[in-house]
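Here is the structure we will look at, set down as structure tokens.
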Amino acid sequence: QVLEIETAFAQQHVTEQQDRCFLPGAVVPGKPFFFVWDNNDINEETLSGRGTTHCTNGIVVQPALDHDIVMAAEANQSVRLATYQPPKRHRSVNVAPLVLPEFVPGAKANPQPIAAPDLDISNGALHYLPCLTDFVWMLARTCLQGKVLVTNEHSESETTEDPCVPAWTAFNSLTCSEREPKQSTIGFCPVIDASPTDMATVYALLVQSMEMARRGGMDYTLIVLDQAIYAKAMDIVLQRPREFSTVILRMGGFHIACTLLAIIGKRFRDAGLHDLLVESDVAGSSAAALSLDGRPYNRAIRFHKVVAEALERLRWKAFLEWHAPSADGSVEDAMLELKMFPSHDNLTRLLQSEHVQSLHRLFEEFCDEQGQISKLFNFWSSYLDLVSLLLQFTRSCRSGNWKLQLSCIKRILPWCFAYDRQNYARFMSLYWMQMSELPTKHPDAAEFLEKGGFVVQRSGRPFAKVSADMAIEQSINRSSKSRGGIIGCSRKPSAVLRWVITSHDRAKISELCLAHCGLDEASQETTSLHTECQSTRIRQDLTDVQHVQDTIQTWVNPFDSSAECGLVNIASGVACTDDVCSDLLKAQEIGTAKMEEFIQKRLVEQEADFHAPLPKLKLKLFVPKAKQIQSRHSHVPQLRADRALFARMAVIAQVRKLDMREVLSYPLGPVPWCLSTQDGTPVKTQKAPLMKLLGEVQVNYPLTGSSPSTSALMLDAMALLQSITQKQVPETFSELAEHVFALVARNFTNYSRIDFVADNYPDVSIKNVERGRRSCQRGVLRVTISSGSQKSPTQWSKFLSVGSNKAQLISFFATEWSKAKFAERLGGKKLFITVGDSCIELLSSTTGDNVVRIVHSELTSSHEEADTRLLLHSQHAAQNGFTSVTVKSPDTDVAMLACYFSHSINAVLYFWTGTKSRARILDITKMGINITEPVCEALVGMHAFTGCDSTSAFSGRGKKTAFQLISRQDDVGVKARQAMQDLGQSFRMLSDESLQCIESFTCKMYGKFDATSINDIRYGT
């Protein structure tokens, strides 16, 4: 029966297809209304992916009407629906293809000259009261005891236990002057079964809207579109000005807000904003990334409100340090009353207070002054300004303030030009200027808009109006794609077409049925309060704000006057370059200049074509993204470059009689291709296979014949920390210290001494290149550890990418493990931990109720890598009576060093490597005996020469060839071992004889056993 009814609706629309311009029954003629059109992509699953449905939905919005008019409209609608008489047993309909009005596009026309507007984007009178309102809200929410001028700090418990003032939206809802707004009337237009990407479709919706407006008694046709459809519709209107003289095109506010969200995300993402959202636990990594792109809209808005409030609190704290204002009892009482009883009257009383206004002016003066002193203060103040602009634009929609919306659009325009939002920069400039001159060209339409005729009131809550393009998304578009819509309907083309042409009727019937049963949104609203007014939501918002604030204080506080730094990433502390700094700080100024130039030349004076391409500014962002080169095909451009260069060199050599032997003694590219990749980084090689070449001698665990009292374990601290997954990281640093101690102490069963050996992290290091490469892959996060109760990092890998973080963490572990609560867990065992250059031994006291710290000067070392310090500690253990020493590390470099020192450490040396099922313990002492002592002495030099973290490998040659050379027992092997043994023996330059041996060794690596010169080999091949 349902299919029969739907078929009847479809059949009636087929009959009425010649007249698609009837007004929906809910719309009352003679009263102002406007149209909203949007695309609706069905994208049903087809086998080929082609042939999907793309249609154009439209709604008619009429502001709130008197009760008797509404009843008449509903009666009219019921009569219209009653005329549908579905025939029986008809479940299919033959629909002729929709014939759109013919439109032949001509050359793009320029708009008519527009009078020069006021291009001042400063905060004028329109923004003063909204900004002052937000200032009062910030004071009421921040000053928790109701004291405006409180200068003492408050604890976290006070922050989360006083949920008197809700978040921004709910506060404005409570203090809004319009307490019982009337809902707008929404009627559904017949669906146009064609995509609005086609100009004929846009022309059809313009013609259809004009005819519907004429039948509704309107002298003008007000149409709201998103930017993409707006651009096409504007082209048509400009080409045919007489035909569409009564058409007024508007750009949807929802899409403008999404564009501003994307601009904010683009500007501040790499400055630490993404890491801030993730580390404060306000958002997950993927949710944060999507929100910074402007979607989903509600979540993105909330994230920015939370971060902005936390930053505003830090800026207010800096203001109180800069100037402590005098107290005013009347203002404090009024603020407390506003917190307890938020209302429009109480808010107005505060806004009219001279003391509050002077405090606001003083605060703005402070922000301007500090912005000129500190680049970081200026940059993050611009974030607060942009979020404030976003909220003012939202306020203009929710309150129906047309003039405020136009003013906000004017202030958004420079940012569109600055960050290359070309389409919005072009058409939003035209839109703003046309709307600004609307009172002179269409005074009735201007009056309608100023009365709130540009937004839609869909609920009975105050401060809840939405943009017109959001209303269509929430009504007919959502009804069609939600449960009961096209989802799961059918894949047959005829069924989909039947669904499309009846979707507006179906959506209207669905809304009427829900309203009749009391299941619609308006009926389910048990209170007129906003959801942010709920006590649980207030506590959650305040908790998130506090988390963001605490996270910033462990990083770089941009509003801390005592911090002397330039423009840096607040998460990593990495400073940007001067050109990036200039672009970031002057972005608004540059965008404003481009906006003024565009408007003056293309719209006012019309010296240039309006549709001419807009060059992108390409302003530098905080962290420029390095160009990634596809390694899979990198050899192709390299070979082409070499071939082209060699061809040119051959021609030049013939003309100028160059010695090609000498020419080929130099690299043919900017870097030697045998040692470098195309982007200039060192060639990498696999180090792990070298372990198999050494002839692994595995032993069982626990070690056979080893006594725990004479066994020592050397732990690679950083390898242990790197093995901890993100899910295993506890909530606080104290809990993290206990977790790591448990991982270390579980080995006390088989060892009586454990050395927790960490790296050193000097500012100038040969490892900086490698660490920088890894940081670029994962990003960095710089944290200051202030207490054990501090929240541990959410992005664990980024935290471990910064050397200062790891140095702080090891120092914190040493301090935390020295506390009395760890004495019993030590259980008479010895724990050595390296902190910087020094080494500290921790052991329980004789009474067992305290931890004793002993500094071992003999283990003081300036070695940067833990690789060598592990062997230093192994030697120390062997000298102090330990007969068995196990080194646990996943690093092949440590295994090479262990083999090198196996003959000089007076203990049985083991190497514990691998994880989980692949874990194994190797007898390094036996391995050293098997490969002989001379090979062990050459092993470290060979390993470094053929590629490690700080040296480049040879292209096309790994470790196997070099190891086979030093393992030979003939003269070739002797010379190869001698060459590698000389490397690293002193800091002095190698002798000529040693260099010749190394060059000969390199020739043999490439199979040239008779050659001794690399240049000869290169010329000969």
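Labels used: A, B, ... for chains in the order of the structure tokens, numbers from 1 for residues in each chain, and numbers from 1 for ligands as shown.
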Q. Using only C-alpha atoms, which residues sit within 12 Å of Asn880 in chain A once same-chain residues fewer than 2 positions away are excluded, as number ranges by chain?
A. A: 709-712, 753, 873-878, 882-885, 905-907
Q: Enumerate as a PyMOL selection string all residues of range 784-920 of chain A assigned to strand (DSSP E or B) by DSSP on the backbone, naming them with the chain letters and numbers the document uses.
A: chain A and resi 791+830-835+838-844+851-855+884-888+908-913+920
Give me, as CSV, each residue of range 781-865 of chain A that comes within 9 Å of range 740-744 of chain A, together with its shortest interatomic pair and the distance in Å at one decimal, counting only C-alpha atoms, with rows ordered by chain and rising residue number.
residue,atom,partner,partner_atom,distance
A:Phe813,CA,A:Phe741,CA,8.4
A:Trp817,CA,A:Phe741,CA,7.7
A:Phe822,CA,A:Phe741,CA,8.9
A:Arg825,CA,A:Ala742,CA,8.9
(Q) Just to confirm, what's the straight-line distance from CA of Phe268 in chain A to CA of Val548 in chain A in Å (one decimal)? (A) 15.4 Å
**Q.** Atom pair CA of Met942 in chain A / CA of Glu696 in chain A: separation (Å)
**A.**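 CA of Glu696 in chain A lies at a distance of 18.6 Å from CA of Met942 in chain A.
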Residue contacts of Lys687 in chain A (9 Å, only C-alpha atoms) excluding same-chain residues fewer than 6 positions away, as a CSV table (one decimal) with all heavy atoms, in the first residue's frame:
chain,number,residue,atom,x,y,z
A,891,ASP,N,69.1,-2.8,19.2
A,891,ASP,CA,69.9,-2.1,18.3
A,891,ASP,C,71.1,-3.0,17.9
A,891,ASP,O,71.8,-3.5,18.7
A,891,ASP,CB,70.4,-0.8,18.9
A,891,ASP,CG,70.9,0.2,17.9
A,891,ASP,OD1,71.2,-0.2,16.8
A,891,ASP,OD2,71.1,1.4,18.3
A,892,THR,N,71.2,-3.1,16.5
A,892,THR,CA,72.4,-3.8,16.0
A,892,THR,C,73.7,-3.2,16.3
A,892,THR,O,74.7,-3.8,16.5
A,892,THR,CB,72.2,-4.0,14.5
A,892,THR,OG1,71.0,-4.6,14.2
A,892,THR,CG2,73.3,-4.9,13.9
A,893,ASP,N,73.7,-1.8,16.5
A,893,ASP,CA,74.9,-1.1,16.8
A,893,ASP,C,75.5,-1.6,18.1
A,893,ASP,O,76.7,-1.8,18.3
A,893,ASP,CB,74.6,0.4,16.9
A,893,ASP,CG,74.2,1.0,15.6
A,893,ASP,OD1,74.4,0.3,14.5
A,893,ASP,OD2,73.7,2.1,15.5
A,943,HIS,N,81.3,-1.5,10.3
A,943,HIS,CA,79.9,-1.2,10.4
A,943,HIS,C,79.6,0.3,10.2
A,943,HIS,O,78.6,0.7,9.6
A,943,HIS,CB,79.4,-1.6,11.8
A,943,HIS,CG,78.0,-1.4,12.1
A,943,HIS,ND1,77.0,-1.9,11.3
A,943,HIS,CD2,77.4,-0.7,13.2
A,943,HIS,CE1,75.8,-1.5,11.8
A,943,HIS,NE2,76.0,-0.8,12.9
A,947,GLY,N,77.6,2.2,6.7
A,947,GLY,CA,76.3,2.8,6.9
A,947,GLY,C,75.7,2.6,8.3
A,947,GLY,O,75.5,1.4,8.7
A,948,CYS,N,75.5,3.7,9.0
A,948,CYS,CA,74.8,3.6,10.3
A,948,CYS,C,73.9,4.9,10.4
A,948,CYS,O,73.7,5.5,9.4
A,948,CYS,CB,75.8,3.5,11.5
A,948,CYS,SG,77.0,4.9,11.6
A,958,GLY,N,75.5,-3.7,0.6
A,958,GLY,CA,75.1,-3.7,2.0
A,958,GLY,C,76.2,-4.2,2.9
A,958,GLY,O,77.4,-4.1,2.6
A,959,LYS,N,75.8,-4.8,4.0
A,959,LYS,CA,76.8,-5.2,5.0
A,959,LYS,C,77.5,-6.5,4.7
A,959,LYS,O,78.6,-6.8,5.1
A,959,LYS,CB,76.1,-5.3,6.4
A,959,LYS,CG,75.4,-4.1,6.9
A,959,LYS,CD,76.4,-3.0,7.4
A,959,LYS,CE,75.7,-1.8,8.0
A,959,LYS,NZ,76.6,-0.8,8.5
